[in-house]
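Trainee: The following file, data-v7.cif, comprises mmCIF, C-alpha atoms and all ligand atoms:
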```cif
data_structure
#
loop_
_atom_site.label_atom_id
_atom_site.label_comp_id
_atom_site.auth_asym_id
_atom_site.auth_seq_id
_atom_site.Cartn_x
_atom_site.Cartn_y
_atom_site.Cartn_z
CA MET A 1 -43.94 -5.47 -5.34
CA ASP A 2 -41.91 -8.52 -6.29
CA ASP A 3 -38.33 -8.78 -5.07
CA ILE A 4 -35.94 -6.32 -6.66
CA ARG A 5 -33.58 -8.39 -8.81
CA LEU A 6 -30.15 -6.95 -8.22
CA ALA A 7 -27.01 -7.44 -10.33
CA LEU A 8 -23.53 -6.78 -8.97
CA ILE A 9 -20.68 -5.60 -11.20
CA GLY A 10 -17.18 -5.44 -9.72
CA THR A 11 -17.03 -7.79 -6.73
CA GLY A 12 -13.89 -6.47 -5.07
CA GLN A 13 -13.36 -5.05 -1.61
CA ASN A 14 -16.18 -2.53 -1.75
CA MET A 15 -18.80 -4.96 -3.02
CA ILE A 16 -17.84 -7.53 -0.40
CA GLY A 17 -18.52 -4.77 2.14
CA HIS A 18 -21.89 -4.02 0.54
CA LEU A 19 -22.82 -7.70 0.62
CA ARG A 20 -22.45 -7.89 4.40
CA SER A 21 -25.72 -5.94 4.78
CA LEU A 22 -27.27 -6.52 1.34
CA VAL A 23 -27.93 -10.16 2.07
CA HIS A 24 -30.06 -9.17 5.09
CA ILE A 25 -32.39 -6.85 3.19
CA ASP A 26 -35.88 -8.25 2.57
CA GLY A 27 -37.34 -7.85 -0.89
CA VAL A 28 -34.02 -7.88 -2.72
CA ARG A 29 -32.55 -10.87 -4.49
CA ILE A 30 -29.04 -11.04 -5.96
CA ALA A 31 -29.73 -12.10 -9.55
CA GLY A 32 -26.23 -12.18 -11.04
CA MET A 33 -22.70 -10.92 -10.68
CA ALA A 34 -19.80 -10.03 -12.95
CA ASP A 35 -16.10 -9.46 -12.42
CA VAL A 36 -13.06 -9.99 -14.61
CA ASP A 37 -11.41 -11.85 -11.72
CA PRO A 38 -13.05 -15.23 -10.92
CA GLU A 39 -11.35 -15.46 -7.51
CA ARG A 40 -12.92 -12.22 -6.33
CA MET A 41 -16.26 -13.37 -7.66
CA ALA A 42 -15.93 -16.64 -5.74
CA LEU A 43 -15.43 -14.66 -2.52
CA ALA A 44 -18.56 -12.64 -3.25
CA GLN A 45 -20.51 -15.81 -4.05
CA GLN A 46 -19.61 -17.20 -0.61
CA GLN A 47 -21.56 -14.33 0.99
CA VAL A 48 -24.79 -15.20 -0.80
CA GLU A 49 -26.83 -18.22 0.29
CA HIS A 50 -28.19 -19.18 -3.13
CA ASP A 51 -26.19 -19.85 -6.31
CA VAL A 52 -25.75 -16.71 -8.35
CA PRO A 53 -24.95 -16.75 -12.09
CA ALA A 54 -21.46 -15.32 -12.50
CA TYR A 55 -19.92 -13.72 -15.59
CA LEU A 56 -16.43 -12.59 -16.50
CA ASP A 57 -17.85 -10.01 -18.92
CA TYR A 58 -20.59 -7.79 -17.50
CA ARG A 59 -22.11 -7.40 -20.97
CA ASP A 60 -22.96 -11.13 -20.91
CA LEU A 61 -24.69 -10.60 -17.58
CA LEU A 62 -26.71 -7.74 -19.09
CA GLY A 63 -27.67 -9.96 -22.01
CA GLU A 64 -28.63 -13.05 -20.02
CA VAL A 65 -29.84 -12.10 -16.53
CA GLU A 66 -33.18 -10.48 -15.84
CA ALA A 67 -32.50 -7.71 -13.38
CA ASP A 68 -34.15 -4.49 -12.20
CA ALA A 69 -31.15 -2.74 -10.70
CA VAL A 70 -27.39 -2.96 -10.38
CA PHE A 71 -24.65 -2.01 -7.95
CA ILE A 72 -21.44 -1.01 -9.76
CA ALA A 73 -18.09 -1.06 -7.93
CA VAL A 74 -15.44 -1.30 -10.64
CA PRO A 75 -12.32 0.92 -10.77
CA ASN A 76 -13.21 4.60 -11.24
CA TYR A 77 -12.16 4.97 -14.89
CA LEU A 78 -14.73 2.30 -15.85
CA HIS A 79 -17.71 3.91 -14.12
CA ARG A 80 -18.92 5.75 -17.21
CA GLN A 81 -18.90 2.80 -19.59
CA VAL A 82 -20.40 0.28 -17.20
CA THR A 83 -23.04 2.72 -15.89
CA CYS A 84 -24.16 3.83 -19.35
CA ASP A 85 -24.36 0.22 -20.57
CA CYS A 86 -26.47 -0.76 -17.54
CA LEU A 87 -28.80 2.24 -17.90
CA ASP A 88 -29.18 1.50 -21.62
CA ALA A 89 -30.07 -2.08 -20.68
CA GLY A 90 -32.92 -0.66 -18.59
CA LEU A 91 -31.45 -1.10 -15.10
CA HIS A 92 -31.58 1.36 -12.23
CA VAL A 93 -27.99 2.06 -11.15
CA MET A 94 -26.18 2.63 -7.88
CA CYS A 95 -22.66 3.50 -9.03
CA GLU A 96 -19.92 3.83 -6.48
CA LYS A 97 -18.19 7.15 -5.87
CA PRO A 98 -16.42 9.00 -7.37
CA MET A 99 -19.05 9.32 -10.07
CA ALA A 100 -16.40 9.32 -12.81
CA THR A 101 -12.91 10.56 -13.65
CA SER A 102 -14.00 13.45 -15.90
CA VAL A 103 -16.83 15.94 -16.10
CA ALA A 104 -17.66 14.72 -19.63
CA ASP A 105 -18.12 11.21 -18.24
CA CYS A 106 -20.51 12.54 -15.57
CA ASP A 107 -22.52 14.30 -18.29
CA ALA A 108 -22.75 11.09 -20.32
CA MET A 109 -24.00 9.19 -17.25
CA ILE A 110 -26.63 11.82 -16.42
CA ALA A 111 -27.78 11.82 -20.05
CA ALA A 112 -28.05 8.00 -20.06
CA ALA A 113 -30.17 8.05 -16.87
CA GLU A 114 -32.47 10.72 -18.32
CA ARG A 115 -32.72 9.10 -21.76
CA ASN A 116 -33.70 5.77 -20.23
CA GLU A 117 -35.80 7.25 -17.40
CA ARG A 118 -33.84 5.23 -14.89
CA ILE A 119 -32.50 6.06 -11.45
CA LEU A 120 -28.83 6.90 -11.11
CA GLN A 121 -27.61 7.10 -7.53
CA VAL A 122 -23.95 7.86 -6.77
CA GLY A 123 -22.27 6.14 -3.82
CA LEU A 124 -21.53 9.29 -1.80
CA SER A 125 -22.45 7.31 1.24
CA CYS A 126 -21.46 9.84 3.91
CA ARG A 127 -24.84 11.41 3.28
CA PHE A 128 -26.35 8.31 4.85
CA SER A 129 -24.09 8.17 7.88
CA ARG A 130 -25.97 8.80 11.09
CA VAL A 131 -23.14 11.07 12.26
CA ASP A 132 -22.86 13.33 9.18
CA SER A 133 -26.66 13.41 8.89
CA LYS A 134 -27.03 14.65 12.47
CA ALA A 135 -24.51 17.44 11.75
CA CYS A 136 -26.39 18.44 8.61
CA GLU A 137 -29.70 18.35 10.47
CA LEU A 138 -28.36 20.85 13.04
CA VAL A 139 -27.17 23.20 10.27
CA ALA A 140 -30.49 22.89 8.43
CA ALA A 141 -32.39 23.64 11.66
CA GLY A 142 -30.56 26.99 11.82
CA GLU A 143 -28.75 26.06 15.06
CA ILE A 144 -25.54 27.82 13.94
CA GLY A 145 -26.93 30.47 11.59
CA GLU A 146 -25.47 30.59 8.10
CA PRO A 147 -22.47 28.33 7.35
CA VAL A 148 -19.31 30.42 6.96
CA MET A 149 -16.50 27.88 7.26
CA VAL A 150 -16.54 24.12 6.73
CA TRP A 151 -13.53 21.96 7.39
CA ALA A 152 -12.41 18.34 7.27
CA ARG A 153 -9.20 17.03 8.69
CA GLU A 154 -8.37 13.44 7.88
CA PHE A 155 -5.09 11.87 8.84
CA ARG A 156 -5.13 8.23 7.85
CA ALA A 157 -3.20 5.22 6.65
CA PRO A 158 -2.43 4.61 2.94
CA PHE A 159 -4.89 3.06 0.50
CA ALA A 160 -5.41 -0.71 0.71
CA LYS A 161 -4.10 -2.83 -2.16
CA LYS A 162 -6.48 -2.84 -5.14
CA PHE A 163 -7.01 -4.88 -8.28
CA GLN A 164 -3.99 -4.22 -10.55
CA ASP A 165 -3.06 -1.24 -8.32
CA TRP A 166 -5.62 0.93 -10.12
CA ILE A 167 -5.90 3.26 -7.17
CA LEU A 168 -2.26 4.37 -7.34
CA ASP A 169 -2.48 5.48 -10.97
CA ASP A 170 -4.27 8.78 -11.55
CA THR A 171 -5.33 7.83 -15.08
CA ARG A 172 -7.42 5.04 -13.57
CA SER A 173 -8.38 6.46 -10.15
CA GLY A 174 -8.46 10.18 -11.01
CA GLY A 175 -5.97 10.85 -8.20
CA THR A 176 -6.30 10.91 -4.42
CA LEU A 177 -8.34 14.12 -4.34
CA LEU A 178 -10.96 12.44 -6.51
CA GLU A 179 -10.83 8.85 -5.33
CA LYS A 180 -10.67 9.57 -1.63
CA THR A 181 -11.81 13.09 -0.96
CA CYS A 182 -14.80 13.38 -3.30
CA HIS A 183 -16.60 12.31 -0.09
CA HIS A 184 -15.26 15.33 1.78
CA PHE A 185 -16.01 17.72 -1.07
CA ASP A 186 -19.55 16.38 -1.26
CA LEU A 187 -19.93 17.05 2.46
CA PHE A 188 -18.64 20.59 1.88
CA ASN A 189 -21.32 21.10 -0.77
CA TRP A 190 -23.99 19.57 1.44
CA PHE A 191 -23.16 21.59 4.54
CA ALA A 192 -22.40 24.90 2.77
CA GLY A 193 -25.86 24.75 1.18
CA ALA A 194 -27.74 23.44 4.22
CA GLY A 195 -28.21 26.74 6.08
CA PRO A 196 -31.43 28.77 6.13
CA GLN A 197 -30.35 30.75 3.05
CA GLY A 198 -29.96 27.53 1.01
CA ALA A 199 -27.97 26.84 -2.17
CA ALA A 200 -24.21 27.35 -2.19
CA ASN A 201 -22.08 26.83 -5.31
CA PRO A 202 -18.31 26.48 -5.42
CA THR A 203 -16.53 29.18 -7.44
CA ARG A 204 -12.81 28.67 -6.85
CA VAL A 205 -10.50 25.88 -5.67
CA TYR A 206 -6.90 26.21 -4.47
CA ALA A 207 -4.79 23.21 -3.58
CA SER A 208 -1.30 22.46 -2.43
CA GLY A 209 -0.27 18.83 -2.31
CA GLY A 210 2.59 16.41 -2.75
CA ALA A 211 3.68 12.79 -2.82
CA ASP A 212 6.22 13.13 -0.07
CA TRP A 213 6.18 9.95 1.91
CA VAL A 214 4.13 6.82 1.38
CA TYR A 215 3.58 6.99 -2.37
CA ALA A 216 7.08 8.23 -2.94
CA ASP A 217 8.26 5.01 -1.26
CA ILE A 218 5.91 2.65 -3.10
CA ALA A 219 7.14 4.10 -6.38
CA ARG A 220 10.51 2.50 -5.70
CA LEU A 221 10.70 -0.93 -7.27
CA PRO A 222 10.01 -3.65 -4.66
CA GLU A 223 12.73 -6.29 -4.42
CA GLY A 224 12.37 -9.09 -6.96
CA ARG A 225 10.04 -7.15 -9.24
CA THR A 226 11.07 -6.14 -12.70
CA GLU A 227 10.57 -2.72 -14.22
CA ALA A 228 7.63 -4.10 -16.20
CA GLU A 229 5.89 -5.27 -12.99
CA ALA A 230 6.23 -1.97 -11.17
CA PRO A 231 2.90 -0.32 -10.49
CA THR A 232 2.31 3.15 -11.86
CA VAL A 233 2.25 5.42 -8.82
CA ASN A 234 1.55 9.08 -9.50
CA ILE A 235 -0.93 10.19 -6.83
CA LEU A 236 -0.72 12.68 -3.97
CA ASP A 237 -0.34 11.54 -0.38
CA ASN A 238 -0.90 14.86 1.40
CA ALA A 239 -2.74 18.05 0.56
CA PHE A 240 -4.50 21.14 1.75
CA VAL A 241 -7.46 22.20 -0.40
CA THR A 242 -9.59 25.33 -0.06
CA VAL A 243 -12.95 25.84 -1.77
CA ASP A 244 -14.67 29.25 -2.05
CA TYR A 245 -18.48 29.42 -2.38
CA ASP A 246 -20.70 32.04 -3.98
CA THR A 247 -22.34 32.63 -0.59
CA GLY A 248 -19.02 33.85 0.81
CA ALA A 249 -18.55 30.59 2.71
CA ARG A 250 -15.26 28.74 2.40
CA ALA A 251 -14.24 25.16 3.09
CA ASN A 252 -10.90 23.53 3.76
CA LEU A 253 -9.60 19.99 3.67
CA ALA A 254 -6.40 18.76 5.32
CA LEU A 255 -5.52 15.27 4.13
CA CYS A 256 -2.62 13.03 5.06
CA MET A 257 -2.34 9.47 3.76
CA PHE A 258 0.64 8.32 5.85
CA ALA A 259 -0.63 8.78 9.40
CA ASP A 260 -0.63 5.23 10.67
CA HIS A 261 -0.98 6.48 14.24
CA GLY A 262 -3.31 9.01 15.86
CA ARG A 263 -5.91 8.47 13.18
CA LYS A 264 -8.73 11.04 13.41
CA LEU A 265 -11.38 12.41 11.14
CA GLU A 266 -12.67 15.76 12.31
CA ILE A 267 -15.33 17.67 10.42
CA GLY A 268 -16.80 21.01 11.39
CA ILE A 269 -19.09 23.78 10.30
CA GLN A 270 -18.65 27.28 11.70
CA GLY A 271 -21.76 29.38 11.27
CA THR A 272 -22.60 33.00 11.95
CA HIS A 273 -24.07 31.99 15.33
CA GLY A 274 -22.41 28.78 16.36
CA THR A 275 -20.37 25.70 15.56
CA VAL A 276 -21.02 22.06 14.82
CA VAL A 277 -17.98 19.82 15.11
CA TYR A 278 -17.77 16.07 15.07
CA TYR A 279 -15.39 13.17 15.11
CA ARG A 280 -16.67 10.70 12.64
CA LEU A 281 -15.02 7.65 14.12
CA GLU A 282 -16.17 8.54 17.65
CA PHE A 283 -19.89 8.82 16.82
CA ARG A 284 -20.18 12.15 18.62
CA VAL A 285 -21.42 15.53 17.41
CA GLU A 286 -20.82 18.71 19.41
CA LEU A 287 -22.92 21.84 19.09
CA TYR A 288 -21.85 25.26 20.33
CA ASN A 289 -24.25 28.20 20.07
CA ALA A 290 -25.83 30.85 22.28
CA ASP A 291 -27.62 28.10 24.22
CA HIS A 292 -24.43 26.12 24.69
CA ARG A 293 -21.64 28.69 25.01
CA GLY A 294 -18.35 27.41 26.36
CA GLU A 295 -19.59 23.91 26.97
CA ALA A 296 -20.78 21.92 24.04
CA SER A 297 -24.08 20.19 23.81
CA VAL A 298 -22.78 16.70 23.03
CA ILE A 299 -24.93 14.42 20.95
CA ASP A 300 -23.87 10.78 21.07
CA ILE A 301 -24.89 8.94 17.93
CA GLU A 302 -26.35 5.51 18.58
CA ILE A 303 -25.41 2.93 15.97
CA PRO A 304 -27.43 -0.31 16.20
CA ASP A 305 -25.16 -3.23 17.14
CA GLN A 306 -25.75 -5.09 13.90
CA GLU A 307 -24.87 -2.04 11.80
CA MET A 308 -21.56 -1.57 13.63
CA HIS A 309 -20.31 -4.73 11.90
CA TRP A 310 -21.46 -3.68 8.45
CA SER A 311 -19.61 -1.54 5.94
CA HIS A 312 -18.78 1.92 7.33
CA HIS A 313 -20.78 1.28 10.51
CA GLY A 314 -24.05 0.86 8.68
CA GLN A 315 -23.78 3.82 6.34
CA ALA A 316 -23.67 1.55 3.28
CA TYR A 317 -26.73 -0.30 4.61
CA LEU A 318 -28.74 2.93 4.97
CA GLU A 319 -27.59 3.95 1.47
CA GLN A 320 -28.82 0.61 0.10
CA LEU A 321 -32.24 0.92 1.79
CA TYR A 322 -32.62 4.42 0.35
CA PHE A 323 -31.73 3.25 -3.17
CA PHE A 324 -34.23 0.38 -3.02
CA ASP A 325 -36.94 2.76 -1.76
CA CYS A 326 -36.23 5.05 -4.73
CA VAL A 327 -36.45 2.09 -7.12
CA ARG A 328 -39.75 0.92 -5.62
CA GLU A 329 -41.27 4.39 -5.59
CA GLY A 330 -39.81 5.57 -8.91
CA ARG A 331 -38.31 8.52 -6.99
CA ARG A 332 -35.25 10.50 -8.07
CA PRO A 333 -32.56 9.99 -5.41
CA GLU A 334 -31.19 13.05 -3.65
CA VAL A 335 -27.65 11.78 -4.25
CA ASP A 336 -28.07 11.76 -8.02
CA GLY A 337 -25.78 12.46 -10.98
CA TYR A 338 -25.80 16.21 -10.38
CA VAL A 339 -24.67 15.82 -6.78
CA GLY A 340 -22.04 13.32 -7.93
CA LYS A 341 -20.81 15.65 -10.67
CA ARG A 342 -20.53 18.65 -8.32
CA ALA A 343 -18.18 16.63 -6.11
CA VAL A 344 -16.17 15.50 -9.15
CA GLU A 345 -15.82 19.14 -10.28
CA ILE A 346 -14.20 20.18 -7.00
CA SER A 347 -11.96 17.10 -6.98
CA LEU A 348 -10.68 17.66 -10.51
CA ALA A 349 -10.17 21.38 -9.86
CA ALA A 350 -8.17 20.48 -6.74
CA GLU A 351 -6.03 17.96 -8.62
CA ARG A 352 -5.36 20.60 -11.27
CA SER A 353 -4.60 23.35 -8.79
CA ALA A 354 -2.14 21.09 -6.94
CA LYS A 355 -0.30 20.50 -10.24
CA THR A 356 -0.32 24.10 -11.52
CA HIS A 357 0.04 25.85 -8.15
CA ALA A 358 -2.70 28.23 -9.27
CA PRO A 359 -6.32 28.62 -8.19
CA VAL A 360 -8.94 27.10 -10.49
CA GLU A 361 -12.11 29.10 -11.10
CA TYR A 362 -15.13 27.47 -12.67
CA GLU A 363 -18.90 27.66 -13.03
CA ALA A 364 -20.23 24.85 -10.84
CA THR A 365 -23.05 22.65 -12.12
CA ARG A 366 -26.30 23.77 -10.49
CA LEU A 367 -28.59 21.34 -8.74
CA PRO A 368 -31.79 20.89 -10.76
CA GLY A 369 -34.92 22.72 -9.57
N1 LIG B 1 -18.46 4.51 -0.97
C1 LIG B 1 -17.29 4.25 -0.41
O1 LIG B 1 -17.01 4.70 0.69
C2 LIG B 1 -16.29 3.38 -1.15
C3 LIG B 1 -15.34 2.64 -0.43
C4 LIG B 1 -14.43 1.86 -1.14
C5 LIG B 1 -14.45 1.84 -2.53
N2 LIG B 1 -15.38 2.59 -3.21
C6 LIG B 1 -15.40 2.59 -4.68
O2 LIG B 1 -15.75 1.29 -5.15
C7 LIG B 1 -15.09 1.03 -6.39
C8 LIG B 1 -14.30 -0.27 -6.29
O3 LIG B 1 -13.33 -0.13 -5.28
P1 LIG B 1 -12.75 -1.40 -4.50
O4 LIG B 1 -12.13 -0.86 -3.28
O5 LIG B 1 -13.76 -2.45 -4.39
O6 LIG B 1 -11.60 -1.86 -5.53
P2 LIG B 1 -11.11 -3.36 -5.84
O7 LIG B 1 -9.91 -3.23 -6.69
O8 LIG B 1 -11.02 -4.13 -4.55
O9 LIG B 1 -12.34 -3.96 -6.67
C9 LIG B 1 -12.61 -3.60 -7.99
C10 LIG B 1 -13.17 -4.84 -8.67
O10 LIG B 1 -13.53 -4.50 -10.01
C11 LIG B 1 -13.17 -5.62 -10.83
N3 LIG B 1 -13.09 -5.19 -12.21
C12 LIG B 1 -12.06 -4.55 -12.83
N4 LIG B 1 -12.38 -4.34 -14.12
C13 LIG B 1 -13.61 -4.86 -14.33
C14 LIG B 1 -14.48 -4.96 -15.43
N5 LIG B 1 -14.15 -4.46 -16.62
N6 LIG B 1 -15.66 -5.60 -15.27
C15 LIG B 1 -16.03 -6.13 -14.09
N7 LIG B 1 -15.24 -6.06 -12.99
C16 LIG B 1 -14.07 -5.42 -13.10
C17 LIG B 1 -11.86 -6.11 -10.23
O11 LIG B 1 -11.55 -7.44 -10.59
C18 LIG B 1 -12.16 -5.97 -8.74
O12 LIG B 1 -12.74 -7.15 -8.20
C19 LIG B 1 -14.22 2.26 -6.67
O13 LIG B 1 -14.91 3.13 -7.51
C20 LIG B 1 -14.05 2.88 -5.29
O14 LIG B 1 -13.80 4.27 -5.33
C21 LIG B 1 -16.31 3.33 -2.54
#
```
What's the structure tokens form of this structure?
Ligand SMILES: NC(=O)c1ccc[n+]([C@@H]2O[C@H](COP(=O)([O-])OP(=O)(O)OC[C@H]3O[C@@H](n4cnc5c(N)ncnc54)[C@H](O)[C@@H]3O)[C@@H](O)[C@H]2O)c1

Mentor:
Amino acid sequence: MDDIRLALIGTGQNMIGHLRSLVHIDGVRIAGMADVDPERMALAQQQVEHDVPAYLDYRDLLGEVEADAVFIAVPNYLHRQVTCDCLDAGLHVMCEKPMATSVADCDAMIAAAERNERILQVGLSCRFSRVDSKACELVAAGEIGEPVMVWAREFRAPFAKKFQDWILDDTRSGGTLLEKTCHHFDLFNWFAGAGPQGAANPTRVYASGGADWVYADIARLPEGRTEAEAPTVNILDNAFVTVDYDTGARANLALCMFADHGRKLEIGIQGTHGTVVYYRLEFRVELYNADHRGEASVIDIEIPDQEMHWSHHGQAYLEQLYFFDCVREGRRPEVDGYVGKRAVEISLAAERSAKTHAPVEYEATRLPG
């Protein structure tokens, strides 16, 4: 097959990360890029060896550049519009997570992919991490029996500065529990349904959260800035979220966005017959079961040297390779619109529960066939 001609829309921090590995992939050629900010586009251009046509309006790119596929990394509230326009223009789409900021937007994106018979992959890239994948493989192999409890504990530093502070405003980002932890909720869905008995659907979400430290501070007007220049800051910076599944399994997230020190990301799955627990940033998965009681079987995850320097220690690279394989083979990606929407559903339920202080019950979207 000829090179896949790839367009890039939204050339901010995430796309610059993607480019670090994208430019090393054979059989893919960057055909054009678009961003409303020429400075950010210039930075992206520096990463590509050949001259790439650049547009301030992505619709001009769609009209003028011949492309087969597109990576979209614009602020979350724009995902629906840009994705649907690209699918309607006949491109296969890899849209960054979270899929969108509403369930209706997810539905519109799925419909556009189906109507145009094009691939829609959602950037839930943890599914491509060698560490998370090893954990899921152990669950799927029945090493711990049926999943009963899944947990994620992430204590981390605040969000990095974004274009026009979109990330701090829940009307543009969807809130912290969508923007950041759709990844965690997707892992919950993946692991809860990975056991021998299969499918697991969320039924109820309870959340308690607040903006108690870092985002409370940022909301104060920085010195020298006028009221009109103050960013809108209305997102959570800490939360506990619990998700119940129809299998009887439950999952829990503990998130803190102001832990500059002692940063850890622990994820675990407790099954009927054992435990898988791992520390994402330490590339180590531990398995406890009847064969390894008391002392864990420790599986060190080897990350090739080159990948260590790429976005998220190579997970974005593996995600890219998978997307291009799907495009070449005309295959529906596993991380499709339905998977993306199921993560959005939990995120939005969690945001709502944190506001209302009440559990949110809903009928989760089922995975097709
Ligand atoms: N998969 C992951 O782990 C991961 C990591 C980081 C970010 N993301 C996602 O990537 C997306 C972008 O995040 P980011 O960190 O790069 O933010 P960013 O603010 O650094 O970049 C966003 C870019 O979009 C551009 N943009 C804004 N409006 C536009 C429009 N109408 N048309 C074209 N370009 C436009 C901005 O100028 C900016 O360059 C978000 O959806 C975010 O959630 C995913």

Trainee: Enumerate residues in contact with ligand LIG 1 (chain B): an atom-to-atom distance of at most 7 Å, counting all atoms listed in the file. Format the result as a VMD selection string.

Mentor: chain A and resid 9 to 15 34 to 37 40 56 to 58 73 to 76 78 96 to 98 123 to 125 162 to 163 166 179

Trainee: Dig up all the protein and nucleic acid residues within 10 Å of (-21.1, -7.7, 1.4) in the file frame, using all atoms listed in the file, and format them as a JSON list (two decimals) with C-alpha atoms, in the frame of the given file.

Mentor:
```
[["chain", "number", "residue", "atom", "x", "y", "z"],
["A", 11, "THR", "CA", -17.03, -7.79, -6.73],
["A", 12, "GLY", "CA", -13.89, -6.47, -5.07],
["A", 13, "GLN", "CA", -13.36, -5.05, -1.61],
["A", 14, "ASN", "CA", -16.18, -2.53, -1.75],
["A", 15, "MET", "CA", -18.80, -4.96, -3.02],
["A", 16, "ILE", "CA", -17.84, -7.53, -0.40],
["A", 17, "GLY", "CA", -18.52, -4.77, 2.14],
["A", 18, "HIS", "CA", -21.89, -4.02, 0.54],
["A", 19, "LEU", "CA", -22.82, -7.70, 0.62],
["A", 20, "ARG", "CA", -22.45, -7.89, 4.40],
["A", 21, "SER", "CA", -25.72, -5.94, 4.78],
["A", 22, "LEU", "CA", -27.27, -6.52, 1.34],
["A", 23, "VAL", "CA", -27.93, -10.16, 2.07],
["A", 24, "HIS", "CA", -30.06, -9.17, 5.09],
["A", 43, "LEU", "CA", -15.43, -14.66, -2.52],
["A", 44, "ALA", "CA", -18.56, -12.64, -3.25],
["A", 45, "GLN", "CA", -20.51, -15.81, -4.05],
["A", 46, "GLN", "CA", -19.61, -17.20, -0.61],
["A", 47, "GLN", "CA", -21.56, -14.33, 0.99],
["A", 48, "VAL", "CA", -24.79, -15.20, -0.80],
["A", 310, "TRP", "CA", -21.46, -3.68, 8.45],
["A", 311, "SER", "CA", -19.61, -1.54, 5.94],
["A", 316, "ALA", "CA", -23.67, 1.55, 3.28],
["A", 317, "TYR", "CA", -26.73, -0.30, 4.61]]
```

Trainee: Using only C-alpha atoms for the distances, tell me which of A:Ala157, A:Ala42, A:Ala343, A:Leu187 is nearest to Ser129 in chain A.

Mentor: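 Smallest separation from Ser129 in chain A among the options: A:Leu187.
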
Trainee: From the options A:Tyr279, A:Ala230, A:Phe191, A:Lys134, which residue's atoms come nearest to Gln164 in chain A, counting only C-alpha atoms?

Mentor: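 Answer, going by the shortest atom-to-atom distance: A:Ala230.
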
Trainee: Which residues are near range 255-259 of chain A? Cut-off 6 Å, all atoms listed in the file, ignore same chain within fewer than 3 positions. Put them as a PyMOL selection string.

Mentor: chain A and resi 154-158+214+237-239

Trainee: Can you work out the spacing between CA of Phe283 in chain A and CA of Asn201 in chain A in Å, to one decimal?

Mentor: 28.6 Å
